[in-house]
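**Q** Hey, dropping input_22.cif in here, mmCIF, C-alpha atoms (C1' of nucleotides):
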```cif
data_model
loop_
_atom_site.label_atom_id
_atom_site.label_comp_id
_atom_site.auth_asym_id
_atom_site.auth_seq_id
_atom_site.Cartn_x
_atom_site.Cartn_y
_atom_site.Cartn_z
CA MET A 5 -22.49 33.16 22.54
CA ALA A 6 -24.40 29.95 22.23
CA ASP A 7 -23.95 28.74 25.77
CA GLY A 8 -22.36 31.75 27.38
CA ARG A 9 -19.18 29.94 28.23
CA GLY A 10 -15.72 29.71 26.78
CA THR A 11 -16.38 32.02 23.91
CA SER A 12 -15.12 35.33 25.13
CA SER A 13 -11.53 35.12 23.89
CA HIS A 14 -10.06 34.59 20.48
CA SER A 15 -6.68 33.50 21.73
CA GLY A 16 -5.45 30.01 22.45
CA GLU A 17 -5.40 30.61 26.17
CA ASN A 18 -9.08 29.88 26.55
CA LEU A 19 -9.46 26.16 25.97
CA LEU A 20 -12.42 25.42 28.16
CA PHE A 21 -14.42 24.56 25.08
CA LEU A 22 -12.08 21.64 24.45
CA THR A 23 -12.90 19.55 27.51
CA ASP A 24 -13.70 15.92 26.88
CA GLU A 25 -17.26 16.55 27.90
CA GLN A 26 -17.65 19.36 25.39
CA LEU A 27 -16.17 17.18 22.69
CA ARG A 28 -18.52 14.32 23.52
CA GLN A 29 -21.44 16.66 23.23
CA ALA A 30 -20.20 17.82 19.86
CA ILE A 31 -19.93 14.22 18.71
CA GLU A 32 -23.52 13.59 19.70
CA ALA A 33 -24.60 16.80 18.02
CA MET A 34 -23.02 15.60 14.78
CA PHE A 35 -24.81 12.29 15.06
CA PHE A 36 -28.25 13.71 15.73
CA ALA A 37 -27.89 16.53 13.24
CA TYR A 38 -26.80 14.22 10.45
CA ARG A 39 -29.93 12.20 11.01
CA GLY A 40 -32.00 15.30 10.50
CA PHE A 41 -29.88 16.29 7.54
CA THR A 42 -30.69 13.12 5.60
CA ALA A 43 -34.24 12.58 6.81
CA ASP A 44 -36.10 14.76 4.32
CA PRO A 45 -34.62 13.46 1.04
CA ASP A 46 -34.78 9.92 2.43
CA ARG A 47 -38.52 10.23 2.83
CA ILE A 48 -38.86 11.18 -0.81
CA LEU A 49 -36.57 8.45 -2.04
CA VAL A 50 -38.36 5.51 -0.46
CA ASP A 51 -41.38 6.21 -2.64
CA MET A 52 -39.34 5.63 -5.78
CA ALA A 53 -37.17 2.60 -5.08
CA TYR A 54 -34.07 4.75 -4.70
CA GLY A 55 -31.79 5.19 -1.74
CA ARG A 56 -29.26 7.59 -0.34
CA ALA A 57 -26.60 6.31 -2.71
CA HIS A 58 -28.68 7.40 -5.67
CA HIS A 59 -29.18 10.81 -4.12
CA ARG A 60 -25.45 11.28 -3.64
CA ALA A 61 -24.68 10.29 -7.22
CA ILE A 62 -27.34 12.64 -8.55
CA HIS A 63 -26.12 15.45 -6.34
CA PHE A 64 -22.54 15.32 -7.52
CA ILE A 65 -23.37 14.77 -11.18
CA ASN A 66 -25.47 17.89 -10.94
CA ARG A 67 -22.66 19.80 -9.28
CA ALA A 68 -19.98 18.61 -11.66
CA PRO A 69 -21.72 18.00 -15.01
CA GLY A 70 -19.61 15.98 -17.39
CA THR A 71 -17.62 14.40 -14.57
CA THR A 72 -15.97 11.10 -15.38
CA VAL A 73 -16.78 7.94 -13.50
CA ASN A 74 -13.34 7.96 -11.93
CA ASN A 75 -13.74 11.48 -10.65
CA LEU A 76 -17.15 10.69 -9.22
CA LEU A 77 -15.65 7.65 -7.52
CA GLY A 78 -13.22 9.90 -5.73
CA LEU A 79 -15.93 12.29 -4.58
CA LEU A 80 -18.19 9.57 -3.26
CA GLY A 81 -15.49 7.41 -1.74
CA VAL A 82 -16.92 4.07 -2.80
CA THR A 83 -15.78 1.28 -5.12
CA LYS A 84 -16.60 1.35 -8.80
CA GLN A 85 -18.70 -1.79 -8.40
CA SER A 86 -20.82 -0.07 -5.81
CA LEU A 87 -21.20 3.10 -7.84
CA ASN A 88 -21.84 1.19 -11.03
CA ARG A 89 -24.85 -0.57 -9.56
CA VAL A 90 -26.40 2.77 -8.73
CA LEU A 91 -25.38 4.40 -11.98
CA ARG A 92 -26.80 1.57 -14.05
CA THR A 93 -30.28 2.01 -12.61
CA LEU A 94 -30.13 5.79 -12.98
CA ILE A 95 -29.13 5.48 -16.63
CA ALA A 96 -31.72 2.78 -17.29
CA ASP A 97 -34.38 5.00 -15.73
CA GLY A 98 -33.36 7.93 -17.91
CA LEU A 99 -32.15 10.21 -15.13
CA VAL A 100 -28.49 10.16 -16.06
CA GLU A 101 -26.80 10.21 -19.42
CA SER A 102 -23.39 8.71 -20.08
CA GLN A 103 -21.40 10.14 -22.98
CA VAL A 104 -18.24 8.63 -24.39
CA GLY A 105 -15.34 11.04 -24.01
CA LYS A 106 -14.34 13.05 -27.04
CA SER A 107 -10.60 13.27 -26.47
CA ASP A 108 -10.30 10.08 -24.47
CA LYS A 109 -12.87 7.57 -25.60
CA ARG A 110 -12.32 5.31 -22.59
CA GLU A 111 -13.88 7.88 -20.31
CA ARG A 112 -17.60 8.34 -19.76
CA HIS A 113 -18.89 11.80 -18.99
CA LEU A 114 -21.98 11.92 -16.84
CA TYR A 115 -24.85 14.37 -17.14
CA LEU A 116 -28.31 14.64 -15.65
CA THR A 117 -31.16 14.42 -18.12
CA GLU A 118 -34.11 16.76 -17.79
CA ALA A 119 -35.86 14.18 -15.59
CA GLY A 120 -32.71 13.84 -13.55
CA ARG A 121 -32.57 17.57 -12.97
CA VAL A 122 -36.18 17.54 -11.83
CA LEU A 123 -35.49 14.86 -9.24
CA GLU A 124 -32.31 16.59 -8.12
CA GLN A 125 -34.24 19.78 -7.61
CA THR A 126 -36.93 18.01 -5.62
CA LEU A 127 -34.41 16.33 -3.35
CA SER A 128 -32.21 19.32 -2.77
CA ASP A 129 -35.21 21.56 -2.20
CA ALA A 130 -36.29 19.28 0.62
CA GLN A 131 -32.81 19.23 2.08
CA ARG A 132 -32.33 22.95 1.77
CA VAL A 133 -35.55 23.79 3.57
CA ARG A 134 -34.16 22.38 6.78
CA MET A 135 -30.73 23.89 6.20
CA ARG A 136 -32.20 27.30 5.47
CA GLY A 137 -34.33 27.18 8.59
CA ALA A 138 -31.39 26.23 10.75
CA PHE A 139 -29.21 28.94 9.22
CA ARG A 140 -31.85 31.58 9.63
CA ASP A 141 -32.47 30.68 13.26
CA ALA A 142 -28.79 30.45 14.11
CA GLY A 143 -27.70 33.65 12.39
CA PRO A 144 -24.85 34.55 10.03
CA GLU A 145 -22.05 34.34 12.56
CA ALA A 146 -23.07 30.89 13.71
CA VAL A 147 -23.26 29.81 10.08
CA ALA A 148 -19.76 31.06 9.40
CA GLY A 149 -18.50 29.12 12.42
CA PHE A 150 -20.41 26.05 11.36
CA ARG A 151 -18.75 26.02 7.97
CA THR A 152 -15.33 26.72 9.33
CA VAL A 153 -15.49 23.78 11.71
CA LEU A 154 -16.86 21.41 9.08
CA GLU A 155 -14.10 22.29 6.65
CA THR A 156 -11.47 21.78 9.29
CA MET A 157 -12.94 18.41 10.20
CA MET A 158 -12.64 16.92 6.71
CA ASP A 159 -9.83 14.67 5.57
CA PRO A 160 -7.37 16.78 3.57
CA GLU A 161 -8.24 15.13 0.26
CA MET A 162 -11.93 15.61 0.89
CA ARG A 163 -11.32 19.22 1.78
CA HIS A 164 -9.52 19.61 -1.49
CA SER A 165 -12.43 18.12 -3.44
CA TYR A 166 -14.85 20.26 -1.50
CA LEU A 167 -13.00 23.48 -2.17
CA ARG A 168 -12.63 22.70 -5.84
CA LEU A 169 -16.37 22.16 -6.21
CA LYS A 170 -16.95 25.36 -4.30
CA GLU A 171 -14.72 27.39 -6.59
CA ASN A 172 -16.16 25.96 -9.75
CA SER A 173 -19.73 26.82 -8.89
CA GLY A 174 -19.90 29.60 -6.40
CA MET B 29 -15.63 35.97 9.35
CA ALA B 30 -14.81 32.69 7.73
CA ASP B 31 -15.23 33.82 4.18
CA GLY B 32 -15.50 37.54 4.67
CA ARG B 33 -18.97 37.77 3.25
CA GLY B 34 -22.45 38.06 4.62
CA THR B 35 -21.45 37.94 8.25
CA SER B 36 -21.38 41.56 9.26
CA SER B 37 -24.91 41.90 10.56
CA HIS B 38 -26.85 40.10 13.22
CA SER B 39 -30.24 41.11 11.97
CA GLY B 40 -32.47 39.35 9.47
CA GLU B 41 -31.89 41.97 6.83
CA ASN B 42 -28.68 40.34 5.67
CA LEU B 43 -29.69 37.09 4.04
CA LEU B 44 -26.94 36.73 1.48
CA PHE B 45 -25.68 33.67 3.31
CA LEU B 46 -28.92 31.90 2.47
CA THR B 47 -28.53 31.70 -1.28
CA ASP B 48 -29.13 28.32 -2.84
CA GLU B 49 -25.48 28.11 -3.73
CA GLN B 50 -24.42 28.70 -0.14
CA LEU B 51 -26.85 26.08 1.05
CA ARG B 52 -25.58 23.56 -1.48
CA GLN B 53 -22.07 24.15 -0.28
CA ALA B 54 -23.18 23.59 3.29
CA ILE B 55 -24.83 20.33 2.28
CA GLU B 56 -21.60 19.14 0.72
CA ALA B 57 -19.65 20.27 3.75
CA MET B 58 -21.89 18.14 5.95
CA PHE B 59 -21.37 15.14 3.70
CA PHE B 60 -17.59 15.38 3.56
CA ALA B 61 -17.20 16.29 7.21
CA TYR B 62 -19.33 13.38 8.37
CA ARG B 63 -17.06 11.06 6.44
CA GLY B 64 -14.10 12.39 8.36
CA PHE B 65 -16.06 12.27 11.57
CA THR B 66 -16.64 8.51 11.34
CA ALA B 67 -13.38 7.53 9.67
CA ASP B 68 -11.16 7.16 12.74
CA PRO B 69 -13.35 4.91 14.89
CA ASP B 70 -14.29 2.93 11.79
CA ARG B 71 -10.65 2.06 11.21
CA ILE B 72 -10.41 0.67 14.72
CA LEU B 73 -13.64 -1.27 14.48
CA VAL B 74 -12.82 -3.24 11.34
CA ASP B 75 -10.02 -4.99 13.20
CA MET B 76 -12.47 -6.43 15.71
CA ALA B 77 -15.48 -7.60 13.72
CA TYR B 78 -17.54 -4.66 14.93
CA GLY B 79 -19.18 -1.90 12.96
CA ARG B 80 -20.54 1.58 13.37
CA ALA B 81 -23.72 0.23 14.91
CA HIS B 82 -21.73 -1.30 17.76
CA HIS B 83 -19.93 1.96 18.30
CA ARG B 84 -23.17 3.88 18.56
CA ALA B 85 -24.64 1.46 21.07
CA ILE B 86 -21.49 1.56 23.19
CA HIS B 87 -21.40 5.33 23.03
CA PHE B 88 -24.91 5.83 24.32
CA ILE B 89 -24.75 3.12 26.96
CA ASN B 90 -21.68 4.90 28.26
CA ARG B 91 -23.45 8.22 28.22
CA ALA B 92 -26.61 6.95 29.83
CA PRO B 93 -25.58 4.07 32.09
CA GLY B 94 -28.52 1.96 33.17
CA THR B 95 -30.59 3.01 30.18
CA THR B 96 -33.39 0.66 29.24
CA VAL B 97 -33.50 -1.03 25.86
CA ASN B 98 -36.51 1.04 24.92
CA ASN B 99 -34.77 4.28 25.74
CA LEU B 100 -31.71 3.28 23.76
CA LEU B 101 -33.97 2.43 20.83
CA GLY B 102 -35.26 5.97 20.87
CA LEU B 103 -31.78 7.48 20.93
CA LEU B 104 -30.49 5.34 18.11
CA GLY B 105 -33.58 5.50 15.94
CA VAL B 106 -33.53 1.89 14.83
CA THR B 107 -35.82 -1.10 15.32
CA LYS B 108 -35.43 -3.40 18.28
CA GLN B 109 -34.52 -6.27 15.97
CA SER B 110 -31.68 -4.25 14.56
CA LEU B 111 -30.44 -3.13 17.95
CA ASN B 112 -30.84 -6.59 19.41
CA ARG B 113 -28.48 -8.10 16.89
CA VAL B 114 -25.79 -5.67 17.95
CA LEU B 115 -26.56 -5.88 21.66
CA ARG B 116 -26.46 -9.67 21.65
CA THR B 117 -22.90 -9.76 20.39
CA LEU B 118 -21.78 -7.04 22.79
CA ILE B 119 -23.25 -8.91 25.75
CA ALA B 120 -21.84 -12.24 24.55
CA ASP B 121 -18.42 -10.64 24.21
CA GLY B 122 -18.61 -9.25 27.73
CA LEU B 123 -18.62 -5.58 26.81
CA VAL B 124 -22.15 -4.83 27.93
CA GLU B 125 -24.09 -6.06 30.93
CA SER B 126 -27.87 -6.37 31.04
CA GLN B 127 -29.56 -6.18 34.43
CA VAL B 128 -33.19 -6.96 35.15
CA GLY B 129 -35.00 -3.89 36.45
CA LYS B 130 -35.55 -3.62 40.19
CA SER B 131 -38.87 -1.80 40.24
CA ASP B 132 -40.05 -3.06 36.86
CA LYS B 133 -38.70 -6.51 36.14
CA ARG B 134 -39.68 -6.34 32.47
CA GLU B 135 -37.05 -3.74 31.82
CA ARG B 136 -33.37 -4.43 31.18
CA HIS B 137 -30.84 -1.85 32.28
CA LEU B 138 -27.67 -1.67 30.25
CA TYR B 139 -24.18 -0.96 31.52
CA LEU B 140 -20.71 -1.14 30.07
CA THR B 141 -18.41 -3.66 31.70
CA GLU B 142 -14.80 -2.74 32.39
CA ALA B 143 -13.82 -4.12 28.99
CA GLY B 144 -16.66 -2.15 27.45
CA ARG B 145 -15.40 1.05 29.01
CA VAL B 146 -11.93 0.38 27.65
CA LEU B 147 -13.23 0.00 24.11
CA GLU B 148 -15.46 3.04 24.47
CA GLN B 149 -12.47 5.08 25.59
CA THR B 150 -10.38 3.87 22.67
CA LEU B 151 -13.05 4.73 20.15
CA SER B 152 -13.99 8.09 21.56
CA ASP B 153 -10.34 9.05 21.99
CA ALA B 154 -9.84 8.48 18.28
CA GLN B 155 -12.91 10.46 17.41
CA ARG B 156 -12.09 13.30 19.76
CA VAL B 157 -8.60 13.78 18.37
CA ARG B 158 -10.03 14.98 15.10
CA MET B 159 -12.76 16.98 16.79
CA ARG B 160 -10.29 18.66 19.10
CA GLY B 161 -7.98 19.54 16.22
CA ALA B 162 -10.83 21.03 14.23
CA PHE B 163 -12.07 23.01 17.24
CA ARG B 164 -8.65 24.32 18.07
CA ASP B 165 -7.99 25.41 14.51
CA ALA B 166 -11.40 26.99 14.09
CA GLY B 167 -11.48 28.84 17.39
CA PRO B 168 -14.09 29.23 20.16
CA GLU B 169 -16.48 31.45 18.25
CA ALA B 170 -16.61 29.10 15.29
CA VAL B 171 -17.22 26.21 17.68
CA ALA B 172 -20.12 28.00 19.30
CA GLY B 173 -21.62 28.67 15.88
CA PHE B 174 -21.05 25.08 14.83
CA ARG B 175 -22.97 23.76 17.80
CA THR B 176 -25.76 26.26 17.44
CA VAL B 177 -26.38 25.28 13.84
CA LEU B 178 -26.22 21.55 14.54
CA GLU B 179 -28.75 21.85 17.35
CA THR B 180 -31.08 23.85 15.17
CA MET B 181 -30.78 21.28 12.40
CA MET B 182 -31.98 18.33 14.48
CA ASP B 183 -35.50 16.99 14.50
CA PRO B 184 -37.26 18.36 17.59
CA GLU B 185 -37.40 14.98 19.32
CA MET B 186 -33.74 14.39 18.68
CA ARG B 187 -32.93 17.83 20.00
CA HIS B 188 -34.85 16.96 23.11
CA SER B 189 -32.88 13.74 23.60
CA TYR B 190 -29.65 15.58 22.90
CA LEU B 191 -30.32 18.30 25.43
CA ARG B 192 -31.35 15.81 28.08
CA LEU B 193 -28.11 13.88 27.68
CA LYS B 194 -26.23 17.15 27.80
CA GLU B 195 -27.84 18.22 31.07
CA ASN B 196 -27.34 14.86 32.72
CA SER B 197 -23.64 14.72 32.11
CA GLY B 198 -22.10 18.09 32.32
"C1'" DT C 12 3.03 -2.65 -30.52
"C1'" DT C 13 2.57 -3.33 -26.07
"C1'" DG C 14 1.62 -1.88 -21.28
"C1'" DG C 15 -1.48 0.23 -18.47
"C1'" DA C 16 -5.57 3.08 -17.47
"C1'" DA C 17 -10.75 3.69 -17.61
"C1'" DA C 18 -14.75 1.51 -17.50
"C1'" DG C 19 -18.16 -2.22 -17.16
"C1'" DT C 20 -19.59 -6.60 -15.38
"C1'" DC C 21 -20.20 -11.08 -12.79
"C1'" DA C 22 -20.15 -13.46 -8.47
"C1'" DA C 23 -20.11 -13.79 -3.69
"C1'" DC C 24 -20.29 -11.89 0.67
"C1'" DA C 25 -21.17 -8.80 4.99
"C1'" DA C 26 -23.15 -5.08 7.73
"C1'" DG C 27 -27.01 -3.14 9.09
"C1'" DG C 28 -31.30 -1.41 8.10
"C1'" DC C 29 -36.43 -3.13 7.60
"C1'" DT C 30 -41.18 -5.89 8.28
"C1'" DG C 31 -43.97 -9.45 10.22
"C1'" DA C 32 -44.94 -12.94 13.44
"C1'" DC C 33 -44.58 -15.07 17.75
"C1'" DG C 34 -43.44 -16.04 22.81
"C1'" DT C 35 -42.72 -14.86 27.62
"C1'" DA C 36 -42.88 -12.42 31.69
"C1'" DA C 37 -44.40 -8.71 34.27
"C1'" DA C 38 -47.30 -4.83 35.08
"C1'" DC C 39 -51.46 -2.65 34.81
"C1'" DT C 40 -56.63 -2.28 34.67
"C1'" DC C 41 -61.22 -3.35 35.10
"C1'" DG D 28 -58.70 -12.66 39.22
"C1'" DA D 29 -59.05 -12.29 34.17
"C1'" DG D 30 -57.77 -9.86 30.41
"C1'" DT D 31 -54.88 -6.36 28.26
"C1'" DT D 32 -50.78 -3.94 27.57
"C1'" DT D 33 -45.83 -3.28 27.84
"C1'" DA D 34 -40.90 -4.63 27.49
"C1'" DC D 35 -37.98 -7.60 25.67
"C1'" DG D 36 -36.13 -11.35 22.89
"C1'" DT D 37 -36.08 -14.02 18.78
"C1'" DC D 38 -36.84 -16.30 14.12
"C1'" DA D 39 -37.24 -15.70 9.27
"C1'" DG D 40 -36.77 -13.16 5.26
"C1'" DC D 41 -35.96 -9.12 2.64
"C1'" DC D 42 -33.39 -4.79 0.86
"C1'" DT D 43 -29.67 -1.40 0.21
"C1'" DT D 44 -25.18 -0.48 0.00
"C1'" DG D 45 -20.83 -1.39 0.96
"C1'" DT D 46 -16.76 -4.85 0.11
"C1'" DT D 47 -13.14 -8.17 -2.63
"C1'" DG D 48 -11.63 -10.65 -6.60
"C1'" DA D 49 -11.51 -11.85 -11.31
"C1'" DC D 50 -12.16 -10.90 -16.05
"C1'" DT D 51 -13.11 -8.24 -20.46
"C1'" DT D 52 -13.15 -4.44 -23.66
"C1'" DT D 53 -11.53 -0.33 -25.19
"C1'" DC D 54 -8.12 2.76 -26.15
"C1'" DC D 55 -4.29 6.10 -24.93
"C1'" DA D 56 0.55 6.69 -24.85
"C1'" DA D 57 5.31 5.49 -24.66
#
```
Turn this file's structure into structure tokens for me.
**A**
Amino acid sequence: MADGRGTSSHSGENLLFLTDEQLRQAIEAMFFAYRGFTADPDRILVDMAYGRAHHRAIHFINRAPGTTVNNLLGLLGVTKQSLNRVLRTLIADGLVESQVGKSDKRERHLYLTEAGRVLEQTLSDAQRVRMRGAFRDAGPEAVAGFRTVLETMMDPEMRHSYLRLKENSG
Amino acid sequence: MADGRGTSSHSGENLLFLTDEQLRQAIEAMFFAYRGFTADPDRILVDMAYGRAHHRAIHFINRAPGTTVNNLLGLLGVTKQSLNRVLRTLIADGLVESQVGKSDKRERHLYLTEAGRVLEQTLSDAQRVRMRGAFRDAGPEAVAGFRTVLETMMDPEMRHSYLRLKENSG
DNA sequence: TTGGAAAGTCAACAAGGCTGACGTAAACTC
DNA sequence: GAGTTTACGTCAGCCTTGTTGACTTTCCAA
């Protein structure tokens, strides 16, 4: 369908698409595509003394408003010291708000401020333009395959986080 | 096909799969999947004082034996100072060999040594295990779609590099 | 009331990006 | 043949973003 080879059968008997060479090509495709994937928001971020780490924090706070620090830590997969450095600047700059938990006062619940939402929108707009273009050019069936493979490629815990976010907002 | 929605038509009339929400989910899928993608080789590399940058250099030298430093720079998308730091240690450790160009003596052509090939094999084996599992579970049609979308997502120059590597090795 | 969890912080360090400047050798050009 | 450009290597210094380890404060829950 994409390369006219190894895609004619659904069954497990056709495994030509699993040769080492095919897999190497897929690895390179991931590498090059990820570069493109991050390029657009990165360009915006350099102009404002922020980096990719800030973008990721903003993204997930937007997706899971009111998330606790601990939960965010799990999504991002970094240490609390690393996240805290980023979070501190975002709070100081008025993009993120931290609210003491009502039932459990040890927890902090994170929200984007209005300014934070504006930046999130700007960044995700830029990132979505490329994604939308790729999806449109590739077509619905390719997109479905794309998402299936990505989901299968995740670590199980990450897949779990991913699916939970997906359910809660889609 | 993967989610039973928005995949029934080839034509441009069906654009339900391009909602902002769908695109956000795809962005998250890329993020989580890339984490899984790099996790296995990363685990191997920490035990030997190497990082992801070394892996990338080794990968592309293996794929394009005899590549010049300049060419490798283009593939990796980093500065020569950054690459040089990595390359120096790889050459010092006997994993990479640098040969003065025959026709143009300014150029250096890079090759993996036997030890370099062994490490490359170890790393790419680890990375391919996950890739192969994901491909097998997702099926040939999903794989074709996956690759189509990734190629479309690259920057044009990167796509050009990617396709050239692809042609030259299989 | 005490143990442990959630969060914040300080300090120190490493990998891996970057810029800018400089040097050398070889190739190219006029 | 002189001057310019190209390819490569290197030094110095900076930044972001990750890490570990230690310590404190707060506060929930057994």
**Q** Applied to this file, what does the PyMOL selection byres ((chain D) within 8 of (chain B)) return in terms of residues, put as a list in words?
**A** DA34, DC35 and DG36 of chain D
**Q** Identify, on the basis of only C-alpha atoms (C1' of nucleotides), every residue whose closest approach to Glu101 in chain A does not exceed 7 Å; exclude the query and any residue fewer than 4 positions from it along the same chain; express the result as a short mmCIF file (atom, residue, chain, number, x, y, z; two decimals) with C-alpha atoms, in the coordinates of the input.
**A**
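Contents of out-v8.cif, as written:
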```cif
data_model
loop_
_atom_site.label_atom_id
_atom_site.label_comp_id
_atom_site.auth_asym_id
_atom_site.auth_seq_id
_atom_site.Cartn_x
_atom_site.Cartn_y
_atom_site.Cartn_z
CA ILE A 95 -29.13 5.48 -16.63
CA LEU A 114 -21.98 11.92 -16.84
CA TYR A 115 -24.85 14.37 -17.14
CA LEU A 116 -28.31 14.64 -15.65
CA THR A 117 -31.16 14.42 -18.12
#
```
**Q** Provide as a ChimeraX atom specification the residues of chain B at most 7 Å from chain A, counting only C-alpha atoms.
**A** /B:29-30,34-35,38,45-46,49,51,53-54,57-58,60-61,64,156,158-160,162-163,166-183,186,194,198
**Q** Report as a ChimeraX atom specification the residues that result from applying the PyMOL selection byres ((chain D and resi 30) around 9) to the structure here.
**A** /C:40-41 /D:29,31
**Q** Written as a PDB file with C-alpha atoms (C1' of nucleotides), keeping the file's coordinate frame, which residues does the PyMOL selection byres ((chain D and resi 38) around 9) give for the file shown?
**A**
```
ATOM      1  C1'  DA C  32     -44.940 -12.940  13.440  1.00  0.00           C
ATOM      2  C1'  DC C  33     -44.580 -15.070  17.750  1.00  0.00           C
TER       3       DC C  33
ATOM      4  C1'  DT D  37     -36.080 -14.020  18.780  1.00  0.00           C
ATOM      5  C1'  DA D  39     -37.240 -15.700   9.270  1.00  0.00           C
TER       6       DA D  39
END
```
**Q** Kindly compute an axis-aligned box around the listed atoms of range 89-100 of chain A, allowing 3 Å on each side, and express its centre and edge lengths in Å to one decimal as AutoDock Vina command-line options.
**A**
```
--center_x -29.6 --center_y 4.8 --center_z -13.3 --size_x 15.5 --size_y 16.8 --size_z 15.2
```
**Q** Using all atoms listed in the file, pick whichever of B:Ser131, B:Ser110, B:Thr117, B:Asn90 has the shortest atom-to-atom distance to Met76 in chain B.
**A** B:Thr117
**Q** Could you state the separation of CA of Leu123 in chain A and CA of Leu91 in chain A in Å, given to one decimal place?
**A**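 Computed distance, CA of Leu123 in chain A to CA of Leu91 in chain A, equals 14.8 Å.
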**Q** Would you mind reading off the distance between C1' of DG28 in chain C and CA of Gly94 in chain B, one decimal, in Å?
**A**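 Answer for the C1' of DG28 in chain C to CA of Gly94 in chain B separation: 25.4 Å.
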**Q** Specify as a list in words all residues of chain C found within 10 Å of chain B, counting all atoms listed in the file.
**A**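 Result, ordered by chain then number: DA26, DG27, DG28, DC29, DA36, DA37 and DA38 of chain C.
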**Q** Determine the nearest neighbour of Arg47 in chain A from the options A:Ile62, A:His164, A:Thr126, A:Asn172, counting all atoms listed in the file.
**A**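 Using all atoms listed in the file, the shortest distance to Arg47 in chain A belongs to A:Thr126.
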**Q** So how many Å separate CA of Glu142 in chain B and CA of Val124 in chain B, to one decimal?
**A** 8.8 Å
**Q** Around (2.8, 5.8, -23.3), as given in the file, which residues come within 12 Å? Count all atoms listed in the file and list them as a list of chain:residue names.
**A** C:DT12, C:DT13, C:DG14, C:DG15, C:DA16, D:DC54, D:DC55, D:DA56, D:DA57
**Q** Write out as an NGL selection string each polymer residue whose atoms come within 9 Å of range 19-24 of chain C, counting only C-alpha atoms (C1' of nucleotides); drop sequence neighbours fewer than 6 positions from it.
**A** (:A and (85 or 88)) or (:D and (46-47 or 49-52))
